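**Student:** So here's run_19.txt (compact mmCIF, C-alpha atoms).
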# COMPACT_ATOMS: atom_id res chain seq x y z
CA ALA M 1 53.03 45.50 -184.28
CA GLY M 2 56.62 44.54 -185.03
CA ALA M 3 55.81 40.83 -184.74
CA ILE M 4 52.86 41.18 -187.13
CA VAL M 5 55.08 42.96 -189.68
CA VAL M 6 57.71 40.22 -189.43
CA LEU M 7 55.12 37.45 -189.86
CA GLY M 8 53.59 39.24 -192.83
CA ALA M 9 57.00 39.60 -194.46
CA VAL M 10 57.77 35.91 -193.89
CA TYR M 11 54.45 34.91 -195.47
CA PHE M 12 55.08 37.15 -198.49
CA PHE M 13 58.57 35.80 -199.13
CA VAL M 14 57.48 32.16 -198.68
CA ALA M 15 54.65 32.62 -201.20
CA ARG M 16 57.01 34.32 -203.62
CA ALA M 17 59.63 31.60 -203.18
CA LEU M 18 57.09 28.89 -204.02
CA ASP M 19 56.23 30.61 -207.31
CA GLN M 20 59.85 31.23 -208.19
CA ARG M 21 60.91 27.68 -207.36
CA GLU M 22 58.39 26.10 -209.73
CA ARG M 23 59.04 28.59 -212.51
CA GLU M 24 62.82 28.24 -212.23
CA ALA M 25 62.52 24.43 -212.37
CA LEU M 26 60.44 24.68 -215.55
CA GLU M 27 62.85 27.20 -217.07
CA ILE M 28 65.71 24.74 -216.52
CA ARG M 29 63.68 21.98 -218.21
CA ALA M 30 62.83 24.29 -221.10
CA GLU M 31 66.52 25.06 -221.62
CA GLN M 32 67.35 21.34 -221.66
CA PHE M 33 64.65 20.54 -224.22
CA ALA M 34 65.60 23.57 -226.35
CA MET M 35 69.19 22.30 -226.51
CA ALA M 36 67.97 18.80 -227.38
CA PHE M 37 65.81 20.22 -230.19
CA ALA M 38 68.72 22.31 -231.51
CA ARG M 39 70.91 19.18 -231.66
CA GLY M 40 68.41 16.70 -233.09
CA GLY M 41 65.02 18.25 -233.71
CA VAL M 42 61.93 16.33 -232.61
CA PRO M 43 63.92 13.04 -232.40
CA GLY M 44 66.25 14.83 -229.98
CA ILE M 45 63.27 15.73 -227.80
CA ARG M 46 62.05 12.13 -227.89
CA ALA M 47 65.51 10.80 -227.03
CA LEU M 48 65.79 13.11 -224.02
CA LEU M 49 62.35 12.05 -222.78
CA GLU M 50 63.19 8.36 -223.18
CA GLN M 51 66.54 8.84 -221.49
CA ARG M 52 64.92 10.39 -218.40
CA GLU M 53 61.64 8.52 -218.49
CA GLU M 54 62.17 7.01 -215.04
CA SER M 55 62.54 10.41 -213.40
CA PRO M 56 59.23 11.47 -211.80
CA HIS M 57 60.07 15.11 -212.53
CA VAL M 58 60.27 14.38 -216.27
CA ARG M 59 57.37 11.92 -216.34
CA SER M 60 55.06 14.58 -214.89
CA LEU M 61 55.98 17.15 -217.56
CA PHE M 62 53.80 18.33 -220.42
CA VAL M 63 55.97 19.02 -223.47
CA ARG M 64 54.60 20.58 -226.65
CA LEU M 65 56.15 21.84 -229.87
CA GLY M 66 53.95 24.15 -231.92
CA GLY M 67 54.47 25.34 -235.46
CA ARG M 68 54.13 28.92 -236.62
CA ASP M 69 50.53 28.24 -237.63
CA GLY M 70 49.69 27.06 -234.11
CA THR M 71 49.47 23.35 -234.91
CA ALA M 72 51.23 20.93 -232.61
CA THR M 73 54.13 19.08 -234.22
CA PHE M 74 54.90 17.11 -231.06
CA ALA M 75 53.20 16.69 -227.71
CA LYS M 76 53.87 14.59 -224.65
CA THR M 77 51.35 14.54 -221.82
CA PRO M 78 51.73 13.14 -218.30
CA PRO M 79 49.91 9.84 -217.68
CA GLU M 80 47.64 11.41 -215.03
CA TRP M 81 46.32 13.92 -217.58
CA SER M 82 44.90 11.19 -219.79
CA THR M 83 41.15 10.58 -219.48
CA GLY M 84 41.26 7.33 -221.48
CA GLU M 85 38.72 8.75 -223.92
CA GLU M 86 39.45 8.66 -227.64
CA THR M 87 37.61 10.41 -230.43
CA SER M 88 37.95 10.36 -234.19
CA VAL M 89 38.64 13.60 -236.04
CA LEU M 90 39.22 14.33 -239.72
CA VAL M 91 42.65 15.68 -240.62
CA PRO M 92 44.03 16.63 -244.06
CA ASP M 93 46.49 14.24 -245.68
CA ASP M 94 49.24 14.90 -248.17
CA TRP M 95 46.93 14.25 -251.14
CA GLY M 96 44.36 16.93 -250.45
CA PHE M 97 41.89 14.56 -248.88
CA TRP M 98 40.65 14.10 -245.32
CA ARG M 99 41.38 11.06 -243.28
CA PRO M 100 40.13 10.04 -239.82
CA GLU M 101 42.58 10.04 -236.98
CA ARG M 102 42.15 8.87 -233.43
CA VAL M 103 42.97 11.48 -230.78
CA GLN M 104 43.02 11.09 -227.05
CA THR M 105 41.33 13.56 -224.74
CA VAL M 106 43.44 15.01 -221.95
CA ARG M 107 42.34 16.95 -218.91
CA VAL M 108 44.62 19.47 -217.25
CA PRO M 109 44.18 18.97 -213.48
CA ARG M 110 43.43 22.40 -212.09
CA ASP M 111 41.15 22.73 -209.10
CA ALA M 112 41.24 23.64 -205.42
CA GLN M 113 44.01 21.09 -204.83
CA ARG M 114 46.02 21.32 -208.06
CA ASP M 115 47.37 24.22 -210.07
CA PHE M 116 49.05 24.59 -213.44
CA ALA M 117 52.41 26.18 -214.24
CA ILE M 118 53.74 26.70 -217.78
CA VAL M 119 56.72 28.36 -219.46
CA SER M 120 57.07 29.04 -223.19
CA ARG M 121 60.11 29.61 -225.32
CA THR M 122 60.34 30.49 -229.00
CA LEU M 123 63.14 28.53 -230.67
CA PRO M 124 65.34 30.06 -233.40
CA ASN M 125 63.34 28.44 -236.24
CA GLY M 126 60.07 29.89 -234.96
CA VAL M 127 58.89 26.72 -233.23
CA LEU M 128 57.15 27.36 -229.90
CA LEU M 129 58.33 25.13 -227.06
CA GLN M 130 55.98 24.83 -224.09
CA ILE M 131 56.83 23.05 -220.85
CA ALA M 132 54.15 22.68 -218.18
CA ARG M 133 53.51 20.76 -214.99
CA SER M 134 50.60 20.25 -212.66
CA THR M 135 51.60 21.42 -209.19
CA ASP M 136 50.12 21.60 -205.74
CA ASN M 137 47.87 24.60 -205.43
CA ARG M 138 49.75 27.38 -203.69
CA GLU M 139 46.80 28.11 -201.44
CA VAL M 140 46.83 24.50 -200.23
CA LEU M 141 50.48 24.87 -199.27
CA LEU M 142 50.09 28.30 -197.71
CA THR M 143 46.88 27.72 -195.74
CA PRO M 144 48.58 25.82 -192.86
CA LEU M 145 51.32 28.45 -192.77
CA ARG M 146 48.77 31.26 -192.73
CA ARG M 147 46.82 29.55 -189.95
CA THR M 148 49.99 29.10 -187.90
CA MET M 149 50.99 32.72 -188.44
CA VAL M 150 47.55 33.96 -187.38
CA LEU M 151 47.79 31.95 -184.17
CA ALA M 152 51.36 33.07 -183.55
CA GLY M 153 50.49 36.68 -184.33
CA SER M 154 47.47 36.61 -182.02
CA GLY M 155 49.60 35.12 -179.26
CA ALA M 156 52.30 37.73 -179.79
CA VAL M 157 49.75 40.56 -179.66
CA ALA M 158 48.19 39.13 -176.49
CA LEU M 159 51.60 38.75 -174.81
CA ALA M 160 52.58 42.26 -175.88
CA ALA M 161 49.34 43.65 -174.45
CA LEU M 162 49.86 41.81 -171.14
CA ALA M 163 53.50 42.89 -170.95
CA SER M 164 52.69 46.54 -171.71
CA GLY M 165 49.85 46.48 -169.18
CA PHE M 166 52.15 45.07 -166.49
CA VAL M 167 54.87 47.60 -167.26
CA SER M 168 52.35 50.46 -167.18
CA TRP M 169 50.95 49.21 -163.88
CA ARG M 170 54.42 49.08 -162.33
CA ALA M 171 55.36 52.46 -163.80
CA THR M 172 52.33 54.21 -162.28
CA ARG M 173 52.29 52.30 -158.99
CA GLY M 174 54.11 55.08 -157.11
CA VAL M 175 51.79 57.75 -158.52
CA ARG M 176 48.75 55.76 -157.42
CA GLN M 177 50.21 55.40 -153.92
CA VAL M 178 50.83 59.15 -153.67
CA ALA M 179 47.24 59.85 -154.76
CA ALA M 180 45.86 57.28 -152.29
CA THR M 181 47.88 58.74 -149.41
CA ALA M 182 46.75 62.28 -150.25
CA ARG M 183 43.10 61.19 -150.32
CA GLY M 184 43.54 59.39 -146.97
CA ILE M 185 45.01 62.50 -145.32
CA ILE M 186 42.20 64.70 -146.65
CA SER M 187 39.46 62.31 -145.51
CA THR M 188 40.88 61.33 -142.10
CA GLY M 189 43.13 64.25 -141.17
CA ASP M 190 45.90 61.78 -140.25
CA LEU M 191 49.08 63.74 -140.96
CA SER M 192 51.27 60.80 -139.94
CA ALA M 193 50.36 58.89 -143.12
CA ARG M 194 53.26 58.36 -145.50
CA VAL M 195 53.71 56.79 -148.92
CA PRO M 196 55.64 53.50 -148.71
CA ALA M 197 59.27 54.14 -149.61
CA ALA M 198 59.98 53.40 -153.26
CA ALA M 199 62.92 51.21 -154.24
CA ARG M 200 62.94 52.70 -157.74
CA ARG M 201 65.56 55.27 -158.66
CA ASP M 202 63.59 57.18 -161.28
CA GLU M 203 61.18 60.12 -161.54
CA VAL M 204 58.36 58.24 -159.78
CA GLY M 205 60.65 57.23 -156.91
CA ASP M 206 61.83 60.83 -156.60
CA LEU M 207 58.18 61.98 -156.51
CA VAL M 208 57.44 59.60 -153.62
CA THR M 209 60.51 60.80 -151.70
CA GLN M 210 59.68 64.49 -152.20
CA PHE M 211 56.02 63.94 -151.25
CA ASN M 212 57.02 62.19 -148.00
CA THR M 213 59.50 65.02 -147.27
CA LEU M 214 56.71 67.57 -147.79
CA LEU M 215 54.41 65.68 -145.41
CA GLU M 216 57.19 65.45 -142.81
CA ARG M 217 57.87 69.19 -142.96
CA ASN M 218 54.18 70.03 -142.74
CA SER M 219 53.86 67.73 -139.76
CA SER M 220 56.89 69.35 -138.08
CA LEU M 221 55.50 72.81 -138.77
CA LEU M 222 52.13 71.89 -137.24
CA ARG M 223 53.81 70.39 -134.17
CA ALA M 224 55.88 73.55 -133.71
CA THR M 225 52.76 75.69 -134.08
CA ARG M 226 50.88 73.61 -131.49
CA GLU M 227 53.81 73.82 -129.05
CA ALA M 228 53.99 77.59 -129.46
CA LEU M 229 50.26 77.96 -128.87
CA ASP M 230 50.47 75.72 -125.80
CA ASN M 231 53.30 77.85 -124.38
CA VAL M 232 51.34 81.05 -124.96
CA ALA M 233 48.26 79.55 -123.34
CA HIS M 234 50.32 78.42 -120.37
CA ASP M 235 51.88 81.85 -119.85
CA VAL M 236 48.50 83.51 -120.01
Any chance you could give the structure as structure tokens?
**Tutor:**
Amino acid sequence: AGAIVVLGAVYFFVARALDQREREALEIRAEQFAMAFARGGVPGIRALLEQREESPHVRSLFVRLGGRDGTATFAKTPPEWSTGEETSVLVPDDWGFWRPERVQTVRVPRDAQRDFAIVSRTLPNGVLLQIARSTDNREVLLTPLRRTMVLAGSGAVALAALASGFVSWRATRGVRQVAATARGIISTGDLSARVPAAARRDEVGDLVTQFNTLLERNSSLLRATREALDNVAHDV
């Protein structure tokens, strides 16, 4: 039981650490981009992205700035999110008319193999900064660990059962020998039978010693009785 509790605790803390690690990494990135926006606005965000473009950790980020009305003022998507599909949508221009604009469709990879983590931060001017990243699905990472823990837990339970069974068998061995000797004396009438001397210095060993002492005294008493009867018979 103790081994199962330990394995369960390890699994819980590993799963929690995976969540915290990804969230803490995104929180650090959000702080960096918030500072860049405070220094230079959207151009500051662009400059930071260009400066760290070669880093795979930055290249895989989704960065979005949203206005108070919910419209995106800036967005950067990872290359693997792009589907390559473009559509034309009508957007208002500065003159009160509508103009067509080409937009690219993106797909957030989220399935049995991939998951999605996102952190949001509201900047002092009301702009919403969102940082996201596609990550390995936690279940994909934890499944091998869970399988290993199940095997290890099953093995630990089996070993514990075998060990407890062996200890119980050794602990009751003297008691079983006393019972077997008593049954043999009752069935055969052989009063010379004795329980093998126990090497153990515990309650069971003391029971064996006292039982053998009782048999020896009974045997001596019977011998004395027989001798007395023989003497009486001889005198008569």
**Student:** Find the residues near M:Pro196: any atom within 9 Å, counting all atoms listed in the file, skip ones fewer than 3 places away on the same chain, and give them as a PDB file with C-alpha atoms, in the coordinates of the input.
**Tutor:**
ATOM      1  CA  GLY M 174      54.110  55.080-157.110  1.00  0.00           C
ATOM      2  CA  GLN M 177      50.210  55.400-153.920  1.00  0.00           C
ATOM      3  CA  VAL M 178      50.830  59.150-153.670  1.00  0.00           C
ATOM      4  CA  VAL M 208      57.440  59.600-153.620  1.00  0.00           C
ATOM      5  CA  ASN M 212      57.020  62.190-148.000  1.00  0.00           C
TER       6      ASN M 212
END
**Student:** Just checking: using all atoms listed in the file, which residue out of M:Pro79, M:Thr225, M:Gly165, M:Leu145 ends up closest to M:Ala15?
**Tutor:**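 That would be M:Leu145, the residue with the smallest distance to M:Ala15.
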**Student:** Please provide the set of residues having any atom within 8 Å of M:Val58, restricted to all atoms listed in the file, with same-chain residues fewer than 5 positions apart removed, written as a list in words.
**Tutor:**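 Surrounding residues, per the criterion: Leu49, Arg52 and Glu53 of chain M.
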**Student:** Between atom CA of M:Phe166 and atom CA of M:Val195, what is the spacing in Å?
**Tutor:** 21.2 Å
**Student:** If we count all atoms listed in the file, what is near M:Ser60 at a cut-off of 10 Å, once residues fewer than 3 positions away on the same chain are taken out, given as a PyMOL selection string?
**Tutor:** chain M and resi 53+55-57+63+76-81+132-135
**Student:** So, with all atoms listed in the file as the atoms that count, which of M:Arg183, M:Phe33, M:Ala38, M:Asn218 lies closest to M:Pro124?
**Tutor:**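 For M:Pro124, the nearest of the given residues is M:Ala38.
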**Student:** Would you kindly return, as a VMD selection string, each protein, DNA or RNA residue with an atom no farther than 8 Å from any atom of M:Phe74, considering all atoms listed in the file and excluding same-chain residues fewer than 6 positions away?
**Tutor:** chain M and resid 42 63 to 66
**Student:** For M:Arg217, find every residue with an atom within 12 Å (counting all atoms listed in the file), except residues of its own chain fewer than 6 positions away, and show them as a PDB file with C-alpha atoms, in the coordinates of the input.
**Tutor:**
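Listed below is the output, around.pdb:
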ATOM      1  CA  LEU M 191      49.080  63.740-140.960  1.00  0.00           C
ATOM      2  CA  SER M 192      51.270  60.800-139.940  1.00  0.00           C
ATOM      3  CA  GLN M 210      59.680  64.490-152.200  1.00  0.00           C
ATOM      4  CA  PHE M 211      56.020  63.940-151.250  1.00  0.00           C
ATOM      5  CA  ARG M 223      53.810  70.390-134.170  1.00  0.00           C
ATOM      6  CA  ALA M 224      55.880  73.550-133.710  1.00  0.00           C
TER       7      ALA M 224
END
**Student:** As an exercise, work out the distance from atom CA of M:Ile28 to atom CA of M:Gln51 in Å and give it to one decimal place.
**Tutor:**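 Between these atoms lies a distance of 16.7 Å.
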